[in-house]
Structures are given as C-alpha cells and as structure tokens.
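So the structure is just underneath, and the comments pick up after that.
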Amino acid sequence: MLPYGAKCERVEQKMTEVLTAAQMRAIESEAMACGAVTGLELMERAGAGVVAAVLEAWPQMAAARVLVLCGPGNNGGDGYVIARLLAAAGAQVVVCALADPVTPDACTMRAAWPGPVVGPADLDWPDFRASALVVDAMFGIGLARDIGAGVWGLLEMAKASGCKLVAVDILSGICAESGRVRATGGFLEWPADLTVTFQRPKLGHYLDAGAQMSGRLVVVPLGLEPQIDALLRADGAAVVDLTTASAASLAKGAGHKFSHGHAVIVSGDHGRAGAARLAARGALRIGAGLVTLASPVGAMAENAARLDAVMLRPVAEFGALLADARVSALCLGPGMGLGPDQAALLADALRVGVKPRPTVLDADALTLIARDKALFGLVHAACVLTPHGGEFARLFPDLAAKLEAVAVGGPAYSKVDAARAAARRAGCVVLFKGADTVIAAPDGRCAINAAAYDRAVPWLATAGAGDVLAGFIAGLLARGLPAFDAACTAAWLHVDCARSFGPGLIAEDLPEEVPRVLRALGV
C-alpha cells in the first residue's frame, strides 16, 4: 500500500501541475528544512510507492526474479529501498550498482540492503533472461549529462530479453527538463513498461522522446502537498500545467448570436479555400455565434457550394468587417496565400485601433510575418501564433537552433524554454504544435497539451487538423476567452475530439465530434 493509503493514479486523470527537476528538489528541500520529513523517510515512501505500483501492475512479481540497477545518487538510494521491499515480499532480488553511493541517504539505504551487490561487469545476457523485471534506479531526474552505452545498454538488454522495465522517476538517459535523449552511441529502441514518478509528473515525461519512452506513467504521493501549495502561491506562473477544459468555460448562456461572438476567417483563392472552410467549421462548432468567411472572388462559388451556416463576404470587404465592432475575433493564414495582397491584408488586420482585436495567426500568415520584420512588428498582445516545428524555425531561428543543439552540460534546452522565449519576444501567446504542444504567454504562464499516454492520438497527424485547431481558437476568442485560455482549451478539445472519433480520422471529422465531447464534459 502507498503512503497514507493513497492509490496509484494515472496522471492524466488527476493533478495538472508539471514540475521541473529543480522545482521538485526545492520542494523536497523545503519539506526537510521545516522538519516535515527526512530524506530517509522520503526514500522509504518513494520505494514503497514504486513497489506498490509494480505489484498493482504485475502481482506475480512478488515471487519473480528481479534485477535492480542502482546509480550512485538518491535515485539509486530509492533502488536499494525497492530491492529490500521486493525481497521482503518474496521476490528473488539481484542488485547491480553502477558505483558506490555518493549521498548520505543513499549510503544508508545501501547499508540497509541485506544482500550482495554486483557490478555491471558481472551481468550478462543470462542474468537478464532469467529475470522477469528490471528496475532502472540509475539516474532519475538528476541526470545532467549524456550517459554512455555501457549504461543505457543495460536497459536495452533488459528489453531485448523480454523483461518488464520499470523506470524510477524517469528512464535513465531521458532529460527530466526537456524529454530529450541524453545518451552517446544511440539509445534503447523500446520504452519502459512503467514509469513511477513522485508527487507530480516532470516536464520530461511529456516533452520530446520522454512521452514515448516512459510507457505507462504513474504518480505516487510523498506527502509534500503543503510545499507544492507554497510553490504555487509564491510563483504560480513558473509552474507548467497540463491543459484541461471545463464545462463552465464552454457553456453558453442566454443571449442572441452576437452575444457569443463573431469570428471572421480569411479564405484562400480557388482550389486553396478548403483550409479556411475547416477553420470556419471549427469556429462555428466550438460555439461562436457567427462565423464569416472573407473569400476572394475566385473562390466564392466553391465556398458557397460547401458552406451553409457560415456566412460569405468578398475579401474586398475585409476593411468593412474590420470596422464592424461586432466582429470579435479574426483568423488569418489557413490556405490564405503568400502574395503581396495577402501581406497587405495581414497588415490591415494587425494594425490596432483603440483595442487590439483577438487574432489567430496560422500557416501562411506565420510565413508572411517570418519574411517581413515590419509585419512581425505589428503582432500584438491579443494574437495567438500557432506554429508547427518548421514554422517556428522560420519565426524564431535562434530558438529553434537551441532546440536542435546537442546539450553539453546541465539540462537540455526544452520546448517549454523555446515557447516561453518566443512568447516573450512576440509579445503574445504562442502555441507551439506537436504531439507535445506547448502553449506559452508573455508573462511566463505555460501549459502542455500532450497527446500521450491515455491521450495518445497518432491519427491526428492528418492534413487539415491544424486548420481546425486554428478555428477552434478563433471561435473561443470570439466568445470572449482570453488568448492563453482559448489556446489551451482549444488544444485540449482538439485532442479529445480525435480521441472520441478514433482511428480513420480526417480533419473534417473534428468539428463534427465537438458536440459529443461537449456533452461528455457536461456542457
């Protein structure tokens, strides 16, 4: 049983905060400094939590042969606790230490382990083939350098031998801050079967390779809620959240159509208007009271044939739409085109009057502002930029280069770091797309919308899905949600619509799935 009788929880169902390794260490230090807990008690709780999660997943491991790989730090100290508790439960446990413990608490737990300890050189393929379970307690969230093949190769041997692999806190070789692989000479091909982390998930569990390599993610409590509450009160903007959606933010109250906003979306010309139609459909389904497509003359017939509830206006009347105070949000970019006429249209949309109008900039609009510093200079605080990786690199080449650079010392530069820096530079919300979508605001607020674990949706990688997401954001902006909240909520709904529909999804299905998702939320 876990401490305090708590059950293991899949993190996607509970607790929305995601911590950095530094924040977690600060929380533990504060708890120890105030006398709430000792380091040894934390290790005992962590080890008990891992054992409970293992036996909940595989009860047969209580009588199996288990190999525990221990590093020299406190992650290794957790490993010695896990070994002792599994042995007490009846397992035949072999402990392998990369090196002698170097922290006082790890030394104490090593001394409390009653069995022998072997070194990596003493292990060979038969040792792994004879084991049912391998526990990786080598580095955890403290990793700040690349590990060699002699270390990650042990994990590869475990998976190749058919062992269940459990990572303590995070798989060794994955940076807890960035999710990036920190290993030389390659890395193991298979993910862990189970990752057990403590108190809150870490950024690396959701970013980059970390989301794919963690297997099933379980969070166990250590009794540190007061310290986490103090961190949130002291600097909540420094904490990254997982995106969520609530019925309260999505429900529509009384009023007429204009009470719920009017979104205007700019269409591309003939043969390129489908992206804007997808965005328009998304904006309408998400609850905007009205949606208008500003269409080039050449695409009017095409758009009219495919749209009913979405209104059509010639793009030549875009100026009149901008002058209409009832227009509450704009969306420019999907299939819009990259010519001088489109650049002029974008400039008109971004020039602010007394109050900036909420505006989504996607696709072609991002390319245009990346090409023209004057256009980039018109981007204002009410904008939401929605770049994928290639568009991000065109907009922020130096930040993209840092993301691609090999980390030398300390934690690797992360997608959260890049998105926050981009939001500060642009002065607006940036939604950096991917399976690990990161949404950042200029004031430092940040959220991750991870299509991972129970929310994995590989079929969302389909043409037009991003256009629907832009429409979702525009519709929520039109309804009055602040830019950061609109982007976070839209991203969550985007994934949930894909999950609701399932395999075989195409972009046109996403807006049609919104009613089902909203009903499930209780809207």
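Identifiers for the structure tokens are assigned positionally: chains receive A, B, ... in sequence, residues are indexed from 1 per chain, and ligands are indexed from 1 in the order shown.
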### Message
List the spatial neighbours of range 340-352 of chain A as a PyMOL selection string - criterion: any atom at most 8 Å away, only C-alpha atoms, same-chain residues fewer than 2 positions off excluded.
### Response
chain A and resi 319+322+330+332+336-338+354-357+365+368+375+378-380
Selected residues, all heavy atoms, written as a tab-separated table (two decimals), in the first residue's frame, please.
```
chain	number	residue	atom	x	y	z
A	319	GLY	N	-12.06	45.31	-45.11
A	319	GLY	CA	-11.96	46.57	-44.36
A	319	GLY	C	-13.24	46.91	-43.63
A	319	GLY	O	-13.23	47.38	-42.48
A	322	LEU	N	-13.49	44.76	-40.60
A	322	LEU	CA	-12.64	45.24	-39.53
A	322	LEU	C	-13.27	46.43	-38.81
A	322	LEU	O	-13.05	46.64	-37.61
A	322	LEU	CB	-11.26	45.64	-40.07
A	322	LEU	CG	-10.36	44.50	-40.58
A	322	LEU	CD1	-9.07	45.07	-41.14
A	322	LEU	CD2	-10.05	43.52	-39.45
A	330	LEU	N	-10.48	37.31	-35.28
A	330	LEU	CA	-10.04	37.08	-36.65
A	330	LEU	C	-9.17	35.83	-36.70
A	330	LEU	O	-8.51	35.47	-35.72
A	330	LEU	CB	-9.20	38.26	-37.16
A	330	LEU	CG	-9.82	39.65	-37.09
A	330	LEU	CD1	-8.78	40.69	-37.49
A	330	LEU	CD2	-11.04	39.73	-38.00
A	332	LEU	N	-6.36	34.38	-39.61
A	332	LEU	CA	-5.71	34.54	-40.90
A	332	LEU	C	-4.61	33.51	-41.05
A	332	LEU	O	-3.86	33.24	-40.11
A	332	LEU	CB	-5.10	35.94	-41.04
A	332	LEU	CG	-6.10	37.10	-41.12
A	332	LEU	CD1	-6.33	37.70	-39.75
A	332	LEU	CD2	-5.59	38.18	-42.08
A	336	MET	N	-4.32	30.83	-47.01
A	336	MET	CA	-4.58	32.21	-47.42
A	336	MET	C	-3.78	32.64	-48.63
A	336	MET	O	-4.25	33.41	-49.47
A	336	MET	CB	-4.27	33.15	-46.25
A	336	MET	CG	-4.65	34.60	-46.48
A	336	MET	SD	-4.42	35.62	-44.99
A	336	MET	CE	-2.64	35.77	-44.94
A	337	GLY	N	-2.55	32.17	-48.76
A	337	GLY	CA	-1.68	32.60	-49.84
A	337	GLY	C	-0.55	33.47	-49.32
A	337	GLY	O	-0.61	34.00	-48.20
A	338	LEU	N	0.48	33.64	-50.15
A	338	LEU	CA	1.70	34.31	-49.70
A	338	LEU	C	2.07	35.52	-50.56
A	338	LEU	O	3.22	35.97	-50.53
A	338	LEU	CB	2.86	33.30	-49.71
A	338	LEU	CG	2.69	32.09	-48.78
A	338	LEU	CD1	3.79	31.06	-49.05
A	338	LEU	CD2	2.72	32.52	-47.33
A	354	VAL	N	-8.17	51.42	-30.99
A	354	VAL	CA	-8.21	51.67	-29.55
A	354	VAL	C	-7.96	50.38	-28.78
A	354	VAL	O	-7.28	50.36	-27.76
A	354	VAL	CB	-9.57	52.27	-29.16
A	354	VAL	CG1	-9.67	52.46	-27.65
A	354	VAL	CG2	-9.78	53.60	-29.88
A	355	LYS	N	-8.49	49.27	-29.29
A	355	LYS	CA	-8.36	47.99	-28.60
A	355	LYS	C	-7.98	46.92	-29.61
A	355	LYS	O	-8.68	46.74	-30.61
A	355	LYS	CB	-9.68	47.62	-27.92
A	355	LYS	CG	-9.63	46.34	-27.12
A	355	LYS	CD	-10.98	46.06	-26.47
A	355	LYS	CE	-10.94	44.77	-25.68
A	355	LYS	NZ	-12.25	44.46	-25.06
A	356	PRO	N	-6.87	46.18	-29.38
A	356	PRO	CA	-6.48	45.12	-30.32
A	356	PRO	C	-7.56	44.05	-30.41
A	356	PRO	O	-8.17	43.69	-29.42
A	356	PRO	CB	-5.20	44.56	-29.70
A	356	PRO	CG	-4.72	45.60	-28.76
A	356	PRO	CD	-5.93	46.31	-28.26
A	357	ARG	N	-7.79	43.56	-31.63
A	357	ARG	CA	-8.80	42.53	-31.81
A	357	ARG	C	-8.13	41.15	-31.71
A	357	ARG	O	-7.10	40.92	-32.34
A	357	ARG	CB	-9.48	42.69	-33.18
A	357	ARG	CG	-10.60	41.70	-33.42
A	357	ARG	CD	-11.27	41.96	-34.75
A	357	ARG	NE	-12.39	42.89	-34.61
A	357	ARG	CZ	-12.49	44.06	-35.24
A	357	ARG	NH1	-11.52	44.46	-36.03
A	357	ARG	NH2	-13.54	44.82	-35.07
A	365	ALA	N	0.00	32.95	-42.75
A	365	ALA	CA	0.21	34.20	-42.02
A	365	ALA	C	1.53	34.16	-41.26
A	365	ALA	O	2.25	35.17	-41.17
A	365	ALA	CB	-0.94	34.47	-41.07
A	368	LEU	N	4.35	34.70	-43.72
A	368	LEU	CA	4.44	36.11	-44.12
A	368	LEU	C	5.12	36.95	-43.05
A	368	LEU	O	5.98	37.79	-43.36
A	368	LEU	CB	3.04	36.66	-44.41
A	368	LEU	CG	2.39	36.17	-45.71
A	368	LEU	CD1	0.92	36.59	-45.74
A	368	LEU	CD2	3.12	36.73	-46.93
A	375	LEU	N	5.92	43.32	-40.63
A	375	LEU	CA	4.71	42.60	-40.26
A	375	LEU	C	4.84	42.00	-38.87
A	375	LEU	O	3.92	42.06	-38.06
A	375	LEU	CB	4.42	41.50	-41.28
A	375	LEU	CG	3.72	41.89	-42.58
A	375	LEU	CD1	3.60	40.69	-43.49
A	375	LEU	CD2	2.34	42.48	-42.29
A	378	LEU	N	4.01	44.23	-36.14
A	378	LEU	CA	2.60	44.57	-35.92
A	378	LEU	C	1.88	43.56	-35.01
A	378	LEU	O	0.76	43.82	-34.57
A	378	LEU	CB	1.87	44.64	-37.26
A	378	LEU	CG	2.28	45.77	-38.21
A	378	LEU	CD1	1.54	45.63	-39.53
A	378	LEU	CD2	2.00	47.14	-37.57
A	379	VAL	N	2.53	42.43	-34.77
A	379	VAL	CA	1.92	41.42	-33.90
A	379	VAL	C	1.68	42.03	-32.52
A	379	VAL	O	2.56	42.68	-31.95
A	379	VAL	CB	2.81	40.17	-33.80
A	379	VAL	CG1	2.28	39.21	-32.75
A	379	VAL	CG2	2.90	39.47	-35.15
A	380	HIS	N	0.49	41.84	-31.97
A	380	HIS	CA	0.13	42.50	-30.71
A	380	HIS	C	-0.28	41.47	-29.65
A	380	HIS	O	-0.35	40.26	-29.93
A	380	HIS	CB	-0.99	43.52	-30.94
A	380	HIS	CG	-2.18	42.97	-31.66
A	380	HIS	ND1	-3.08	42.12	-31.09
A	380	HIS	CD2	-2.60	43.15	-32.96
A	380	HIS	CE1	-4.03	41.79	-31.95
A	380	HIS	NE2	-3.76	42.41	-33.11
```
### Query
Contacts of Cys163 in chain A at 12 Å or less, counting only C-alpha atoms, minus same-chain residues fewer than 6 places along, as a ChimeraX atom specification?
/A:61,64-68,125-136,154-157,190-194
Let's have the selection written as a compact mmCIF listing (two decimals), in the first residue's frame, with N, CA, C and O atoms.
```
# COMPACT_ATOMS: atom_id res chain seq x y z
N MET A 61 5.09 -10.45 -9.73
CA MET A 61 6.48 -10.05 -9.46
C MET A 61 6.87 -10.25 -8.00
O MET A 61 8.05 -10.23 -7.66
N ALA A 64 8.90 -13.32 -8.30
CA ALA A 64 9.73 -13.43 -9.50
C ALA A 64 11.19 -13.07 -9.20
O ALA A 64 11.54 -12.58 -8.12
N ARG A 65 12.04 -13.28 -10.20
CA ARG A 65 13.43 -12.82 -10.11
C ARG A 65 13.48 -11.39 -10.64
O ARG A 65 13.03 -11.12 -11.75
N VAL A 66 14.05 -10.50 -9.83
CA VAL A 66 14.05 -9.08 -10.15
C VAL A 66 15.48 -8.56 -10.10
O VAL A 66 16.23 -8.87 -9.16
N LEU A 67 15.84 -7.76 -11.09
CA LEU A 67 17.16 -7.12 -11.14
C LEU A 67 16.97 -5.63 -10.92
O LEU A 67 16.22 -4.98 -11.67
N VAL A 68 17.61 -5.07 -9.91
CA VAL A 68 17.51 -3.65 -9.61
C VAL A 68 18.84 -2.98 -9.92
O VAL A 68 19.87 -3.35 -9.36
N TRP A 125 23.91 -11.61 -20.58
CA TRP A 125 22.59 -11.91 -21.11
C TRP A 125 21.81 -12.92 -20.27
O TRP A 125 20.60 -12.72 -20.03
N PRO A 126 22.43 -14.00 -19.76
CA PRO A 126 21.64 -14.95 -18.95
C PRO A 126 21.02 -14.32 -17.71
O PRO A 126 19.94 -14.73 -17.28
N ASP A 127 21.70 -13.29 -17.13
CA ASP A 127 21.14 -12.64 -15.95
C ASP A 127 19.83 -11.91 -16.28
O ASP A 127 18.89 -11.90 -15.48
N PHE A 128 19.78 -11.32 -17.47
CA PHE A 128 18.56 -10.63 -17.88
C PHE A 128 17.49 -11.62 -18.30
O PHE A 128 16.31 -11.46 -17.97
N ARG A 129 17.89 -12.68 -19.01
CA ARG A 129 16.90 -13.66 -19.46
C ARG A 129 16.26 -14.39 -18.30
O ARG A 129 15.12 -14.86 -18.40
N ALA A 130 16.99 -14.49 -17.19
CA ALA A 130 16.44 -15.17 -16.02
C ALA A 130 15.56 -14.26 -15.18
O ALA A 130 14.92 -14.72 -14.22
N SER A 131 15.52 -12.98 -15.51
CA SER A 131 14.76 -12.01 -14.71
C SER A 131 13.43 -11.69 -15.36
O SER A 131 13.32 -11.59 -16.59
N ALA A 132 12.41 -11.50 -14.55
CA ALA A 132 11.09 -11.09 -15.05
C ALA A 132 10.96 -9.57 -15.06
O ALA A 132 10.18 -9.02 -15.84
N LEU A 133 11.71 -8.90 -14.20
CA LEU A 133 11.57 -7.46 -14.02
C LEU A 133 12.93 -6.83 -13.82
O LEU A 133 13.77 -7.37 -13.09
N VAL A 134 13.15 -5.69 -14.48
CA VAL A 134 14.34 -4.89 -14.25
C VAL A 134 13.89 -3.50 -13.81
O VAL A 134 13.03 -2.89 -14.45
N VAL A 135 14.45 -3.03 -12.69
CA VAL A 135 14.13 -1.71 -12.16
C VAL A 135 15.29 -0.77 -12.44
O VAL A 135 16.42 -1.03 -12.04
N ASP A 136 15.01 0.30 -13.16
CA ASP A 136 16.02 1.31 -13.51
C ASP A 136 15.99 2.41 -12.45
O ASP A 136 15.15 3.30 -12.48
N LEU A 154 22.39 -1.55 -20.62
CA LEU A 154 21.76 -2.45 -19.65
C LEU A 154 20.25 -2.47 -19.83
O LEU A 154 19.60 -3.51 -19.71
N LEU A 155 19.68 -1.30 -20.10
CA LEU A 155 18.23 -1.21 -20.32
C LEU A 155 17.85 -1.88 -21.63
O LEU A 155 16.79 -2.53 -21.71
N GLU A 156 18.69 -1.73 -22.63
CA GLU A 156 18.44 -2.39 -23.92
C GLU A 156 18.46 -3.91 -23.75
O GLU A 156 17.62 -4.63 -24.31
N MET A 157 19.42 -4.40 -22.98
CA MET A 157 19.49 -5.84 -22.74
C MET A 157 18.24 -6.32 -22.01
O MET A 157 17.73 -7.40 -22.30
N TRP A 190 13.25 0.38 -27.22
CA TRP A 190 11.93 0.14 -26.63
C TRP A 190 11.71 1.05 -25.43
O TRP A 190 12.65 1.35 -24.68
N PRO A 191 10.48 1.46 -25.19
CA PRO A 191 10.21 2.27 -24.00
C PRO A 191 10.15 1.41 -22.74
O PRO A 191 10.05 0.18 -22.80
N ALA A 192 10.20 2.09 -21.60
CA ALA A 192 9.91 1.40 -20.35
C ALA A 192 8.47 0.91 -20.39
O ALA A 192 7.62 1.43 -21.11
N ASP A 193 8.18 -0.13 -19.60
CA ASP A 193 6.80 -0.59 -19.48
C ASP A 193 6.03 0.26 -18.49
O ASP A 193 4.81 0.44 -18.63
N LEU A 194 6.73 0.77 -17.49
CA LEU A 194 6.10 1.56 -16.43
C LEU A 194 7.11 2.57 -15.92
O LEU A 194 8.28 2.23 -15.69
```
### Task
Write out as an NGL selection string each polymer residue whose atoms come within 7 Å of range 21-30 of chain A, counting only C-alpha atoms; drop sequence neighbours fewer than 3 positions from it.
:A and (33-34 or 141 or 176-177 or 202 or 227-228)
### Task
For each of A:Phe484, A:Phe392, A:Tyr206, A:Phe258, take the minimum atom-to-atom distance to Arg445 in chain A, counting only C-alpha atoms, then give the residue where this is smallest.
A:Phe484
### Task
Taking the chain letters and numbering used in this document, name the residues of range 69-280 of chain A that DSSP puts in strand (DSSP E or B), as a PyMOL selection string.
chain A and resi 69-70+92-97+117-118+133-137+147+164-168+174+181+183+194-198+202+216-220+240-242+262-266
Go ahead and save the picked residues with C-alpha atoms, as a CSV table (one decimal), in the first residue's frame.
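What landed in part_1.csv:
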```csv
chain,number,residue,atom,x,y,z
A,69,LEU,CA,20.0,-1.3,-11.3
A,70,CYS,CA,21.2,1.4,-8.8
A,92,GLN,CA,14.5,-13.1,-5.6
A,93,VAL,CA,16.3,-9.8,-6.0
A,94,VAL,CA,19.7,-9.1,-7.5
A,95,VAL,CA,21.1,-5.6,-7.0
A,96,CYS,CA,23.6,-4.1,-9.5
A,97,ALA,CA,25.3,-0.8,-8.6
A,117,VAL,CA,25.7,-6.1,-4.8
A,118,VAL,CA,27.2,-6.9,-8.1
A,133,LEU,CA,11.6,-7.5,-14.0
A,134,VAL,CA,14.3,-4.9,-14.3
A,135,VAL,CA,14.1,-1.7,-12.2
A,136,ASP,CA,16.0,1.3,-13.5
A,137,ALA,CA,17.1,3.4,-10.5
A,147,ILE,CA,25.1,8.5,-20.4
A,164,LYS,CA,9.4,-5.8,-17.8
A,165,LEU,CA,11.3,-2.5,-17.4
A,166,VAL,CA,10.3,0.0,-14.6
A,167,ALA,CA,11.9,3.4,-14.5
A,168,VAL,CA,12.1,5.2,-11.1
A,174,ILE,CA,16.0,11.0,-20.7
A,181,VAL,CA,17.6,11.8,-25.0
A,183,ALA,CA,23.0,9.4,-24.4
A,194,LEU,CA,6.1,1.6,-16.4
A,195,THR,CA,7.5,4.8,-15.1
A,196,VAL,CA,6.8,5.7,-11.5
A,197,THR,CA,7.4,9.3,-10.5
A,198,PHE,CA,6.7,11.2,-7.3
A,202,LYS,CA,8.0,16.2,-14.6
A,216,ARG,CA,2.6,3.9,-18.6
A,217,LEU,CA,3.1,6.8,-16.2
A,218,VAL,CA,2.0,6.6,-12.6
A,219,VAL,CA,2.4,9.3,-10.0
A,220,VAL,CA,2.6,8.3,-6.3
A,240,VAL,CA,3.7,24.4,-16.1
A,241,ASP,CA,0.2,22.9,-16.2
A,242,LEU,CA,-1.4,20.2,-18.3
A,262,HIS,CA,-18.5,36.9,-34.5
A,263,ALA,CA,-15.3,35.3,-36.0
A,264,VAL,CA,-14.0,36.3,-39.4
A,265,ILE,CA,-11.7,33.9,-41.2
A,266,VAL,CA,-9.9,34.8,-44.4
```
### Message
For the helix (DSSP H, G or I) assignment from backbone DSSP, which residues of range 59-269 of chain A qualify? Please present them as a ChimeraX atom specification.
### Response
/A:59-63,74-89,104-112,120-122,125-129,140-142,149-160,203-205,208-213,225-238,247-250,257-260
Proximity of range 307-387 of chain A to range 462-475 of chain A: per-residue shortest pair, 10 Å limit, only C-alpha atoms, as a tab-separated table:
```
residue	atom	partner	partner_atom	distance
A:Ser328	CA	A:Ala474	CA	9.2
A:Ala329	CA	A:Ala474	CA	6.1
A:Leu330	CA	A:Ala474	CA	6.4
A:Cys331	CA	A:Ala474	CA	6.0
A:Leu332	CA	A:Ala470	CA	8.9
A:Gly333	CA	A:Asp467	CA	8.8
A:Pro334	CA	A:Asp467	CA	5.9
A:Gly335	CA	A:Asp467	CA	8.8
A:Pro358	CA	A:Ala474	CA	8.0
A:Thr359	CA	A:Ala474	CA	7.1
A:Val360	CA	A:Ala474	CA	6.1
A:Leu361	CA	A:Ala470	CA	8.0
A:Asp362	CA	A:Ala470	CA	6.7
A:Ala363	CA	A:Asp467	CA	8.2
A:Val384	CA	A:Ile473	CA	8.4
A:Leu385	CA	A:Ala470	CA	9.3
A:Thr386	CA	A:Ala470	CA	7.5
A:Pro387	CA	A:Gly466	CA	9.4
```
### Message
as JSON, numbers by chain, please: the residues near Tyr80 in chain A (cut-off 6 Å, only C-alpha atoms, same-chain neighbours under 2 positions excluded).
### Response
{"A": [77, 78, 82, 83, 109, 110]}
### Query
Between A:Gly389, A:Gly71, A:Gly287, A:Gly49, which has the minimum distance to Pro511 in chain A (counting only C-alpha atoms)?
A:Gly287
### Query
Smallest atom-to-atom distance to Val523 in chain A: which of A:Ala382, A:Arg306, A:Ala245, A:Arg277, using only C-alpha atoms?
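The closest residue to Val523 in chain A is A:Ala245.
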### Message
Calculated over only C-alpha atoms, which of the candidates A:Trp459, A:Phe432, A:Trp113, A:Trp58 has the smallest distance to Ala491 in chain A?
### Response
A:Phe432
### Query
Between CA of Thr244 in chain A and CA of Leu476 in chain A, what is the distance, to one decimal in Å?
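Computed distance, CA of Thr244 in chain A to CA of Leu476 in chain A, equals 14.4 Å.
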Which neighbours of range 449-454 of chain A fall inside 8 Å, counting only C-alpha atoms, when residues of the same chain fewer than 3 positions from it are skipped, and could you give them as a PDB file with C-alpha atoms, in the first residue's frame?
```
ATOM      1  CA  GLU A  12      -3.774  12.259 -16.938  1.00  0.00           C
ATOM      2  CA  TYR A 206       5.522  14.911 -21.628  1.00  0.00           C
ATOM      3  CA  LEU A 207       8.087  16.528 -23.907  1.00  0.00           C
ATOM      4  CA  ALA A 211       6.496  10.903 -23.641  1.00  0.00           C
ATOM      5  CA  GLN A 212       7.184   7.968 -25.954  1.00  0.00           C
ATOM      6  CA  GLY A 215       5.492   3.568 -21.055  1.00  0.00           C
ATOM      7  CA  ARG A 216       2.613   3.859 -18.587  1.00  0.00           C
ATOM      8  CA  LEU A 217       3.090   6.808 -16.247  1.00  0.00           C
ATOM      9  CA  LEU A 242      -1.386  20.240 -18.337  1.00  0.00           C
ATOM     10  CA  THR A 243      -4.241  21.602 -20.417  1.00  0.00           C
ATOM     11  CA  ALA A 435       2.338  15.697 -30.041  1.00  0.00           C
ATOM     12  CA  ASP A 436       3.795  17.714 -27.159  1.00  0.00           C
ATOM     13  CA  THR A 437       2.065  21.020 -27.921  1.00  0.00           C
ATOM     14  CA  VAL A 438       3.309  23.820 -25.651  1.00  0.00           C
ATOM     15  CA  ILE A 439       1.278  26.986 -25.082  1.00  0.00           C
ATOM     16  CA  VAL A 457      -3.878  10.142 -30.901  1.00  0.00           C
ATOM     17  CA  CYS A 488      -5.179  25.848 -24.008  1.00  0.00           C
ATOM     18  CA  ALA A 491      -5.775  22.340 -27.889  1.00  0.00           C
ATOM     19  CA  TRP A 492      -7.349  20.054 -25.285  1.00  0.00           C
ATOM     20  CA  VAL A 495      -7.109  16.061 -28.933  1.00  0.00           C
TER      21      VAL A 495
END
```
